[in-house]
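Just my_file_19.txt here, compact mmCIF, C-alpha atoms:
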# COMPACT_ATOMS: atom_id res chain seq x y z
CA MET C 23 2.75 20.41 -3.44
CA LYS C 24 2.87 19.85 -7.18
CA PHE C 25 1.26 16.62 -8.47
CA LEU C 26 -0.63 16.37 -5.18
CA ASP C 27 -2.69 19.51 -4.58
CA GLU C 28 -4.29 19.42 -8.08
CA TYR C 29 -5.79 16.07 -7.16
CA ARG C 30 -7.44 17.43 -4.02
CA ASP C 31 -9.46 20.08 -5.88
CA PRO C 32 -13.04 20.03 -4.52
CA VAL C 33 -14.49 21.43 -7.78
CA ALA C 34 -12.99 18.61 -9.82
CA ALA C 35 -14.16 16.12 -7.17
CA ARG C 36 -17.74 17.44 -7.42
CA ARG C 37 -17.72 17.12 -11.20
CA LEU C 38 -16.48 13.55 -10.97
CA LEU C 39 -19.08 12.64 -8.35
CA ALA C 40 -21.78 13.96 -10.71
CA GLU C 41 -20.34 11.93 -13.58
CA ILE C 42 -20.25 8.76 -11.50
CA ARG C 43 -23.88 9.17 -10.49
CA ARG C 44 -24.82 9.82 -14.10
CA ALA C 45 -22.84 6.83 -15.40
CA ALA C 46 -24.13 4.29 -12.84
CA ARG C 47 -27.52 2.99 -13.92
CA ARG C 48 -27.49 0.41 -11.15
CA PRO C 49 -25.49 0.03 -7.92
CA TRP C 50 -22.03 -1.51 -8.30
CA THR C 51 -19.70 -3.11 -5.76
CA LEU C 52 -16.03 -2.23 -6.13
CA MET C 53 -13.00 -3.12 -4.05
CA GLU C 54 -10.16 -0.67 -3.50
CA VAL C 55 -7.20 -2.92 -2.89
CA CYS C 56 -4.85 -0.65 -0.96
CA GLY C 57 -5.37 0.49 2.63
CA GLY C 58 -3.97 3.92 1.73
CA GLN C 59 -6.88 4.26 -0.69
CA THR C 60 -9.33 3.13 2.02
CA HIS C 61 -8.12 5.88 4.34
CA SER C 62 -8.37 8.52 1.61
CA LEU C 63 -11.90 7.40 0.65
CA LEU C 64 -13.09 7.55 4.25
CA ARG C 65 -11.23 10.74 5.08
CA HIS C 66 -12.84 12.61 2.21
CA GLY C 67 -16.26 11.06 2.75
CA ILE C 68 -16.35 9.52 -0.73
CA ASP C 69 -17.99 6.34 0.59
CA VAL C 70 -20.83 8.45 2.02
CA GLU C 71 -21.19 10.57 -1.13
CA LEU C 72 -21.56 7.44 -3.24
CA ALA C 73 -23.88 5.51 -0.88
CA GLY C 74 -26.45 3.63 -2.96
CA VAL C 75 -24.44 4.20 -6.15
CA VAL C 76 -21.13 2.43 -5.52
CA ASP C 77 -20.50 0.17 -2.55
CA LEU C 78 -16.80 0.23 -1.71
CA ILE C 79 -15.45 -2.95 -0.15
CA HIS C 80 -12.09 -2.48 1.48
CA GLY C 81 -9.32 -4.76 0.33
CA PRO C 82 -6.53 -6.49 2.24
CA GLY C 83 -3.88 -3.98 1.09
CA CYS C 84 -2.47 -3.29 4.52
CA PRO C 85 0.84 -5.16 4.86
CA VAL C 86 0.95 -4.71 8.61
CA CYS C 87 -2.55 -6.20 8.88
CA VAL C 88 -1.83 -9.34 6.86
CA SER C 89 1.51 -10.17 8.49
CA PRO C 90 1.07 -13.57 10.16
CA LEU C 91 0.83 -13.72 13.94
CA GLU C 92 3.63 -16.29 13.99
CA SER C 93 6.01 -13.74 12.44
CA ILE C 94 5.03 -11.08 14.99
CA ASP C 95 5.50 -13.55 17.85
CA PHE C 96 8.90 -14.57 16.45
CA ALA C 97 9.95 -10.92 16.06
CA ARG C 98 8.91 -10.30 19.65
CA GLU C 99 10.89 -13.31 20.82
CA LEU C 100 13.98 -12.14 18.90
CA SER C 101 13.74 -8.65 20.40
CA LEU C 102 13.99 -10.19 23.88
CA ARG C 103 17.13 -12.19 23.04
CA GLU C 104 20.47 -10.97 24.33
CA GLY C 105 22.39 -8.95 21.74
CA VAL C 106 19.52 -8.60 19.23
CA LEU C 107 17.97 -5.32 18.07
CA LEU C 108 14.66 -5.61 16.23
CA ALA C 109 13.82 -2.78 13.80
CA SER C 110 10.68 -2.22 11.74
CA PHE C 111 8.20 0.40 10.58
CA GLY C 112 6.37 2.17 13.42
CA ASP C 113 2.97 0.61 12.67
CA MET C 114 4.41 -2.89 12.79
CA LEU C 115 5.65 -2.33 16.33
CA ARG C 116 2.12 -1.62 17.60
CA VAL C 117 0.39 -4.67 16.11
CA PRO C 118 -0.65 -7.12 18.82
CA GLY C 119 0.84 -10.58 18.49
CA SER C 120 -0.55 -13.45 20.51
CA ARG C 121 1.83 -12.53 23.35
CA GLY C 122 1.74 -8.75 22.98
CA SER C 123 3.16 -6.21 20.53
CA LEU C 124 6.80 -5.36 19.89
CA LEU C 125 6.39 -2.09 21.75
CA GLU C 126 5.12 -4.03 24.75
CA ALA C 127 8.19 -6.24 24.42
CA ARG C 128 10.29 -3.09 24.65
CA ALA C 129 8.57 -2.23 27.92
CA VAL C 130 9.83 -5.52 29.38
CA GLY C 131 13.39 -5.10 28.17
CA GLY C 132 13.18 -5.99 24.47
CA ARG C 133 15.45 -4.05 22.10
CA VAL C 134 13.04 -2.57 19.55
CA LYS C 135 13.51 0.42 17.28
CA PRO C 136 11.15 2.06 14.78
CA VAL C 137 12.74 3.02 11.44
CA TYR C 138 11.51 5.04 8.46
CA SER C 139 13.30 2.92 5.88
CA PRO C 140 15.07 -0.49 5.73
CA MET C 141 18.18 1.53 4.91
CA ASP C 142 18.01 3.00 8.42
CA ALA C 143 18.20 -0.57 9.76
CA VAL C 144 21.37 -1.17 7.68
CA ASP C 145 22.76 2.00 9.19
CA LEU C 146 21.91 0.75 12.70
CA ALA C 147 23.82 -2.47 11.98
CA ARG C 148 26.81 -0.50 10.69
CA ARG C 149 26.91 1.72 13.78
CA ASN C 150 26.29 -1.12 16.28
CA PRO C 151 28.71 -3.92 15.36
CA ASP C 152 28.11 -5.63 18.72
CA LEU C 153 24.39 -6.05 18.06
CA GLN C 154 22.59 -8.35 15.66
CA VAL C 155 20.13 -6.04 13.86
CA VAL C 156 17.03 -7.79 12.51
CA PHE C 157 14.76 -5.83 10.19
CA PHE C 158 11.16 -7.11 10.20
CA ALA C 159 10.51 -6.61 6.48
CA VAL C 160 6.83 -6.16 5.66
CA GLY C 161 5.22 -4.56 2.64
CA PHE C 162 3.83 -5.01 -0.83
CA GLU C 163 5.59 -4.58 -4.16
CA THR C 164 5.96 -0.84 -3.48
CA THR C 165 8.27 -1.58 -0.57
CA THR C 166 10.17 -4.64 -1.85
CA PRO C 167 12.67 -2.64 -3.97
CA THR C 168 13.55 -0.68 -0.83
CA THR C 169 14.23 -3.88 1.13
CA ALA C 170 16.14 -5.39 -1.80
CA LEU C 171 18.31 -2.28 -1.88
CA ALA C 172 19.00 -2.63 1.86
CA VAL C 173 20.11 -6.25 1.39
CA ARG C 174 22.37 -5.30 -1.51
CA GLN C 175 23.89 -2.51 0.58
CA ALA C 176 24.42 -4.80 3.58
CA LYS C 177 26.17 -7.27 1.28
CA ALA C 178 28.32 -4.54 -0.30
CA LEU C 179 29.29 -3.33 3.18
CA GLY C 180 30.10 -6.91 4.27
CA LEU C 181 27.76 -6.62 7.28
CA ARG C 182 27.53 -9.84 9.29
CA ASN C 183 25.17 -8.44 11.90
CA PHE C 184 22.22 -7.55 9.65
CA SER C 185 19.36 -9.87 8.75
CA LEU C 186 15.72 -9.81 7.66
CA LEU C 187 12.59 -11.42 9.00
CA VAL C 188 10.81 -11.43 5.63
CA ALA C 189 7.03 -11.05 5.49
CA HIS C 190 6.81 -9.44 2.03
CA VAL C 191 3.59 -10.14 0.15
CA ARG C 192 2.31 -9.89 -3.44
CA VAL C 193 -1.04 -8.28 -4.22
CA LEU C 194 -2.22 -10.10 -7.31
CA PRO C 195 -2.31 -13.63 -5.82
CA ALA C 196 -4.38 -12.24 -2.92
CA MET C 197 -6.85 -10.68 -5.37
CA GLU C 198 -7.13 -14.08 -7.06
CA ALA C 199 -7.79 -15.77 -3.71
CA LEU C 200 -10.52 -13.23 -2.89
CA VAL C 201 -12.25 -13.68 -6.24
CA GLU C 202 -12.06 -17.47 -5.92
CA SER C 203 -13.84 -17.41 -2.55
CA ALA C 204 -17.50 -18.39 -2.73
CA ASP C 205 -18.88 -15.25 -1.07
CA CYS C 206 -16.97 -12.67 -3.13
CA ARG C 207 -19.26 -9.76 -4.14
CA VAL C 208 -16.62 -7.66 -5.89
CA GLN C 209 -17.58 -6.61 -9.44
CA GLY C 210 -14.53 -4.48 -10.20
CA PHE C 211 -11.18 -3.56 -8.66
CA LEU C 212 -9.34 -0.32 -8.07
CA ALA C 213 -5.75 -1.56 -8.19
CA ALA C 214 -3.08 0.02 -5.98
CA GLY C 215 -1.28 2.70 -7.98
CA HIS C 216 2.06 2.58 -6.20
CA VAL C 217 2.28 -1.21 -6.45
CA CYS C 218 1.70 -0.78 -10.20
CA ALA C 219 4.39 1.94 -10.36
CA VAL C 220 6.81 -0.90 -9.61
CA THR C 221 5.17 -3.98 -11.16
CA GLY C 222 3.36 -2.31 -14.07
CA CYS C 223 -0.24 -2.65 -15.17
CA LYS C 224 0.29 -5.43 -17.69
CA GLU C 225 0.35 -8.15 -15.05
CA TYR C 226 -3.39 -7.66 -14.51
CA ALA C 227 -4.27 -8.66 -18.09
CA PRO C 228 -4.38 -12.45 -17.41
CA PHE C 229 -6.45 -11.80 -14.23
CA VAL C 230 -9.02 -9.77 -16.18
CA GLU C 231 -9.06 -12.36 -18.95
CA ARG C 232 -9.68 -15.17 -16.47
CA TYR C 233 -12.20 -13.60 -14.10
CA ARG C 234 -13.89 -11.11 -16.47
CA LEU C 235 -13.69 -8.31 -13.87
CA PRO C 236 -12.43 -4.81 -14.71
CA VAL C 237 -9.27 -3.57 -12.99
CA VAL C 238 -8.57 0.17 -12.90
CA VAL C 239 -5.13 1.26 -11.72
CA THR C 240 -5.89 4.13 -9.34
CA GLY C 241 -4.03 6.75 -7.32
CA PHE C 242 -4.58 7.92 -3.78
CA GLU C 243 -5.84 11.49 -3.79
CA PRO C 244 -9.63 12.10 -3.82
CA VAL C 245 -9.68 13.14 -7.49
CA ASP C 246 -7.56 10.12 -8.43
CA LEU C 247 -9.94 7.81 -6.57
CA LEU C 248 -13.05 9.35 -8.14
CA GLN C 249 -11.50 9.04 -11.60
CA GLY C 250 -10.75 5.38 -10.93
CA ILE C 251 -14.30 4.75 -9.69
CA LEU C 252 -15.82 6.55 -12.70
CA GLN C 253 -13.68 4.53 -15.12
CA CYS C 254 -14.58 1.26 -13.38
CA VAL C 255 -18.32 2.10 -13.43
CA ARG C 256 -18.11 2.96 -17.15
CA LEU C 257 -16.40 -0.37 -17.88
CA LEU C 258 -19.04 -2.25 -15.89
CA GLU C 259 -21.93 -0.39 -17.49
CA SER C 260 -20.64 -1.17 -20.97
CA GLY C 261 -19.79 -4.78 -20.10
CA ARG C 262 -16.07 -4.38 -20.82
CA PRO C 263 -13.79 -6.25 -18.40
CA GLU C 264 -10.50 -4.48 -19.15
CA VAL C 265 -7.39 -3.15 -17.45
CA VAL C 266 -7.35 0.65 -17.56
CA ASN C 267 -4.63 2.82 -16.08
CA CYS C 268 -6.01 5.96 -14.45
CA TYR C 269 -2.71 6.72 -12.66
CA ARG C 270 -0.59 7.26 -15.76
CA ARG C 271 1.49 10.05 -14.29
CA THR C 272 3.16 7.51 -11.97
CA ALA C 273 2.40 3.96 -13.14
CA ARG C 274 3.58 2.78 -16.57
CA ASP C 275 2.33 -0.32 -18.37
CA ALA C 276 5.71 -2.00 -17.84
CA GLY C 277 6.19 -0.56 -14.33
CA ASN C 278 9.76 0.19 -13.25
CA PRO C 279 12.08 -2.42 -14.86
CA THR C 280 15.10 -1.23 -12.82
CA ALA C 281 13.21 -1.83 -9.56
CA GLN C 282 11.88 -5.18 -10.82
CA ARG C 283 15.42 -6.31 -11.69
CA LEU C 284 16.67 -5.31 -8.26
CA VAL C 285 13.88 -7.25 -6.53
CA GLY C 286 14.40 -10.28 -8.80
CA GLU C 287 18.09 -10.43 -7.90
CA VAL C 288 17.39 -10.62 -4.17
CA PHE C 289 13.96 -12.26 -3.79
CA GLU C 290 12.01 -15.14 -5.27
CA VAL C 291 8.30 -15.94 -5.21
CA CYS C 292 7.01 -18.28 -2.48
CA ASP C 293 3.74 -19.38 -0.90
CA ARG C 294 2.98 -17.28 2.16
CA PRO C 295 0.25 -17.25 4.81
CA TRP C 296 -1.74 -13.99 5.02
CA ARG C 297 -3.41 -13.18 8.32
CA GLY C 298 -7.15 -13.42 7.72
CA LEU C 299 -6.84 -15.01 4.29
CA GLY C 300 -4.77 -18.12 5.00
CA MET C 301 -2.05 -19.60 2.82
CA ILE C 302 -1.86 -17.82 -0.54
CA PRO C 303 -0.02 -19.70 -3.29
CA ARG C 304 2.73 -17.47 -4.73
CA GLY C 305 1.49 -14.80 -2.31
CA GLY C 306 4.88 -13.76 -0.95
CA LEU C 307 8.59 -13.33 -1.48
CA LYS C 308 11.60 -14.94 0.21
CA LEU C 309 15.33 -14.32 -0.04
CA ARG C 310 17.13 -16.15 -2.85
CA PRO C 311 19.58 -18.85 -1.70
CA GLU C 312 22.57 -16.60 -2.48
CA PHE C 313 21.27 -14.08 0.09
CA GLN C 314 20.38 -16.65 2.75
CA GLN C 315 23.03 -15.30 5.12
CA PHE C 316 20.63 -12.36 5.60
CA ASP C 317 17.65 -14.56 6.51
CA ALA C 318 16.82 -14.16 10.23
CA GLU C 319 14.88 -17.44 10.21
CA VAL C 320 18.07 -19.25 9.16
CA ARG C 321 20.37 -17.24 11.46
CA PHE C 322 18.15 -17.64 14.52
CA CYS C 323 16.11 -20.74 15.27
CA GLY C 324 12.50 -20.21 14.11
CA ALA C 325 9.45 -19.97 16.35
CA THR C 326 7.91 -23.23 17.47
CA VAL C 327 5.15 -22.00 19.79
CA PRO C 328 1.80 -21.88 17.97
CA ALA C 329 0.20 -18.44 17.76
CA ILE C 330 -3.22 -17.76 19.29
CA GLU C 331 -5.74 -15.61 17.42
CA ASP C 332 -8.01 -13.38 19.48
CA HIS C 333 -11.59 -14.56 18.88
CA GLU C 334 -13.07 -11.19 19.81
CA CYS C 335 -11.26 -9.72 16.80
CA HIS C 336 -12.95 -10.19 13.42
CA SER C 337 -10.08 -8.75 11.41
CA GLY C 338 -9.93 -11.82 9.17
CA ALA C 339 -13.44 -11.10 7.87
CA VAL C 340 -12.61 -7.39 7.51
CA LEU C 341 -9.43 -8.14 5.55
CA ALA C 342 -11.28 -10.50 3.22
CA GLY C 343 -13.93 -7.81 2.62
CA ARG C 344 -16.68 -10.04 4.08
CA ILE C 345 -17.70 -7.48 6.72
CA LYS C 346 -17.12 -3.78 7.19
CA PRO C 347 -15.33 -2.71 10.38
CA LYS C 348 -18.44 -1.42 12.14
CA ALA C 349 -20.06 -4.86 11.87
CA CYS C 350 -17.47 -6.21 14.32
CA PRO C 351 -18.94 -6.31 17.86
CA SER C 352 -15.59 -5.18 19.31
CA PHE C 353 -15.31 -2.10 17.05
CA GLY C 354 -14.99 1.07 19.12
CA THR C 355 -15.77 -0.79 22.36
CA SER C 356 -13.15 -3.32 23.38
CA CYS C 357 -11.07 -2.43 20.29
CA THR C 358 -9.82 1.13 19.71
CA PRO C 359 -6.58 2.58 18.28
CA ASP C 360 -5.31 3.00 21.85
CA ARG C 361 -6.11 -0.61 22.78
CA PRO C 362 -6.26 -2.48 19.47
CA LEU C 363 -7.26 -6.15 19.35
CA GLY C 364 -6.15 -6.54 15.75
CA ALA C 365 -3.83 -4.98 13.23
CA PRO C 366 -6.48 -3.17 11.11
CA MET C 367 -7.23 -0.94 14.12
CA VAL C 368 -3.54 -0.07 14.48
CA SER C 369 -2.25 0.69 11.07
CA SER C 370 -2.41 3.94 9.17
CA GLU C 371 -3.72 1.73 6.37
CA GLY C 372 -6.05 -0.52 8.36
CA ALA C 373 -9.75 -0.33 7.50
CA CYS C 374 -10.86 -0.37 11.17
CA ALA C 375 -8.59 2.59 12.00
CA ALA C 376 -10.00 4.46 8.98
CA TYR C 377 -13.59 3.96 10.20
CA TYR C 378 -12.64 4.91 13.74
CA ARG C 379 -10.98 8.13 12.59
CA TYR C 380 -13.20 9.26 9.77
CA ALA C 381 -16.62 7.61 9.91
CA GLY C 382 -19.17 10.35 9.56
CA ALA C 383 -16.65 12.72 8.00
CA ASN C 384 -17.83 14.23 4.76
CA HIS C 385 -15.27 16.76 3.62
CA LEU C 386 -16.28 16.93 -0.01
CA SER C 387 -19.72 18.31 0.77
CA GLY C 388 -18.34 20.86 3.22
CA MET S 10 2.76 1.56 3.91
CA CYS S 11 2.41 2.16 0.17
CA LEU S 12 2.36 5.88 0.90
CA ALA S 13 4.62 7.60 -1.60
CA ILE S 14 5.01 11.33 -2.18
CA PRO S 15 6.11 13.29 -5.25
CA GLY S 16 9.12 15.56 -4.85
CA LYS S 17 11.40 17.53 -7.16
CA VAL S 18 14.96 16.32 -7.82
CA VAL S 19 17.04 19.35 -6.89
CA ARG S 20 20.56 17.94 -7.16
CA TRP S 21 22.26 14.62 -7.77
CA ILE S 22 24.83 13.97 -5.06
CA ASP S 23 26.12 10.52 -6.03
CA SER S 24 25.26 8.54 -9.16
CA ASP S 25 26.52 5.14 -7.92
CA PRO S 26 24.20 2.41 -9.36
CA LEU S 27 23.46 1.00 -5.89
CA LEU S 28 24.05 3.88 -3.50
CA GLY S 29 23.02 6.77 -5.80
CA VAL S 30 21.60 9.67 -3.82
CA ALA S 31 19.90 12.93 -4.77
CA GLU S 32 18.42 15.85 -2.88
CA VAL S 33 14.67 15.86 -3.37
CA GLU S 34 12.40 18.72 -2.36
CA PHE S 35 8.91 18.17 -0.94
CA GLY S 36 7.00 21.45 -0.63
CA GLY S 37 10.02 23.36 0.69
CA VAL S 38 11.55 20.50 2.71
CA THR S 39 14.63 18.85 1.21
CA ARG S 40 15.61 15.24 1.89
CA ARG S 41 18.25 12.88 0.57
CA CYS S 42 16.66 10.01 -1.32
CA LEU S 43 18.06 6.84 -2.82
CA MET S 44 17.89 6.90 -6.60
CA ALA S 45 18.91 3.32 -7.53
CA CYS S 46 15.45 2.59 -8.99
CA VAL S 47 15.32 5.77 -11.12
CA PRO S 48 18.91 6.27 -12.39
CA GLU S 49 17.55 8.06 -15.46
CA ALA S 50 15.95 10.90 -13.41
CA SER S 51 17.24 14.38 -14.20
CA GLU S 52 17.43 17.43 -11.98
CA GLY S 53 14.07 19.17 -12.21
CA ASP S 54 12.15 15.90 -12.65
CA TYR S 55 9.58 14.91 -10.05
CA VAL S 56 10.03 11.49 -8.50
CA VAL S 57 7.66 9.49 -6.30
CA VAL S 58 9.42 8.56 -3.06
CA HIS S 59 8.52 5.68 -0.76
CA ALA S 60 10.43 5.01 2.49
CA GLY S 61 13.35 7.13 1.33
CA VAL S 62 13.63 5.44 -2.08
CA ALA S 63 12.47 7.01 -5.36
CA ILE S 64 10.37 4.37 -7.13
CA ALA S 65 9.05 6.25 -10.19
CA ILE S 66 9.48 9.42 -12.23
CA VAL S 67 6.31 11.49 -12.60
CA ASP S 68 5.24 11.83 -16.23
CA ALA S 69 4.35 15.53 -16.41
CA GLU S 70 2.73 15.19 -19.86
CA GLU S 71 0.37 12.47 -18.67
CA ALA S 72 -0.47 14.54 -15.60
CA ALA S 73 -1.33 17.54 -17.79
CA ARG S 74 -3.48 15.38 -20.06
CA VAL S 75 -5.51 14.06 -17.11
CA LEU S 76 -6.03 17.55 -15.71
CA ALA S 77 -7.24 18.72 -19.15
CA GLU S 78 -9.72 15.80 -19.24
CA LEU S 79 -10.99 16.86 -15.83
CA ALA S 80 -11.44 20.45 -16.92
CA SER S 81 -13.61 19.24 -19.81
CA LEU S 82 -16.17 17.58 -17.52
CA PRO S 83 -19.49 19.46 -17.35
CA GLU S 84 -19.70 21.95 -14.52
CA LYS S 85 -23.41 21.54 -13.92
CA VAL S 86 -24.02 19.33 -10.91
CA GLU S 87 -26.91 17.36 -12.35
CA TRP S 88 -27.13 14.67 -9.71
CA LEU S 89 -28.48 17.14 -7.19
CA GLU S 90 -31.50 17.55 -9.45
CA ARG S 91 -31.82 13.79 -9.83
CA ASP S 92 -31.76 13.48 -6.05
CA GLU S 93 -34.68 15.84 -5.80
CA GLU S 94 -36.64 13.86 -8.40
CA GLU S 95 -35.98 10.64 -6.51
CA THR S 96 -37.22 12.03 -3.24
CA GLN S 97 -40.43 13.39 -4.73

As structure tokens - that is how I would like this structure written.
Amino acid sequence: MKFLDEYRDPVAARRLLAEIRRAARRPWTLMEVCGGQTHSLLRHGIDVELAGVVDLIHGPGCPVCVSPLESIDFARELSLREGVLLASFGDMLRVPGSRGSLLEARAVGGRVKPVYSPMDAVDLARRNPDLQVVFFAVGFETTTPTTALAVRQAKALGLRNFSLLVAHVRVLPAMEALVESADCRVQGFLAAGHVCAVTGCKEYAPFVERYRLPVVVTGFEPVDLLQGILQCVRLLESGRPEVVNCYRRTARDAGNPTAQRLVGEVFEVCDRPWRGLGMIPRGGLKLRPEFQQFDAEVRFCGATVPAIEDHECHSGAVLAGRIKPKACPSFGTSCTPDRPLGAPMVSSEGACAAYYRYAGANHLSG
Amino acid sequence: MCLAIPGKVVRWIDSDPLLGVAEVEFGGVTRRCLMACVPEASEGDYVVVHAGVAIAIVDAEEAARVLAELASLPEKVEWLERDEEETQ
């Protein structure tokens, strides 16, 4: 496919690997923020190719992974209520809450449906007027315009049986929280290209100014990732903490103003707890008061039972980049994609799932 | 979750500001996508689609520039030689 296949070219990847090794005069530690990037890096064996040159720490950019247990437990409880249908993305349904996943709730009579888009949930509400459809809305800035559009559509259609359990999060405040933590080893960031397609690259300027760490806006294909790594290494080697956009074909400096306006009309910034990272100031979004009729936490009484974290699962440390998945004693033993203890082993963006699927893979050298 | 795929806008179906829809082709497969975030997209443009919603228009000139930069990188794989030196 155009604008995809060119960035999977093994010859270009080899050239970039050579350039990175030439440019790096000492080992550097970078964090790729997005879980989609983590999977691509592992899948193509880039982490192995760059061992000893660039250490890649995997960021918390997996929305399913950072959704608080309390929200999952509440979603599960809603799905078991009479007359409620709970819809969300497929990955979200498999994440274990403290009392089981949403799919397990379905097995005991819960009404749970996977959807591809929030718009599909609006459609479910339209076609099922006797059911209260709750969409469990998770995702970063890439996804928020989609949810905002669903809310606007539900309002335009006058739907009274559609609401959202909002767990939307914002990337930049989480990056700030990571850098502020005492044990942060990250020397440069590969920022998530599709988040920047919406928000723009400019919003990283104050972050770079404050923390003196380079941020390179990076895509998802192997060549994109290698270009981002090369640019970040060059900035580090020349002592230039700057924002550089290596994903210019998709992400503009100003982002997508139409999408930003749409999000701003429906959502406002709030503090939000991230699983593994704790409460992040300004780390999430909530519905604006004028859209409160679509807030599931207002429509249905909120959860009161405290959630219980599984102590065998070290996903908090994985999400904060403190340990790599294989350092968790449960990895691949009591925790596998078939029987996950934590969200990072479930999700198509979770770091643990990436290691389970691809560790040892080395496609670039093949 | 932030997975988004580029596809070609084949045909606008409805240009409503909120419910605007176009047919977008992904390697031979055509899907209807919501266009509210990229109302300025023209037929023939490539858009990046996430969860059924187009979130950005691909800048073909920037893409060409990056590919040209890549083509200008040296072909010689020098690090293999450096590896050998290091192991000696």

Could you please tell me, as a count of residues only, which residues of chain C have an atom within 8 Å of chain S when using only C-alpha atoms?
40

Contact residues around C:Ala375 with all atoms listed in the file at 7 Å, ignoring same-chain residues under 5 positions, as a list in words:
Pro359, Pro366, Met367, Val368, Ser369 and Ser370 of chain C

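Here atom CA of C:Phe229 and atom CA of C:Gly81 stand 16.4 Å from one another.
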
Of the candidates C:Cys357, C:Met141, C:Leu248, C:Leu124, which shows the shortest atom-to-atom distance to C:Pro32, using all atoms listed in the file?
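Distance minimum relative to C:Pro32 lands on C:Leu248.
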
Expressed in Å to a single decimal, how great is the separation between atom CA of C:Arg274 and atom CA of C:Gln249?
17.1 Å

Please report the interatomic distance between atom CA of C:Ile42 and atom CA of C:Leu212 in Å with one decimal.
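Distance reported for this atom pair: 14.6 Å.
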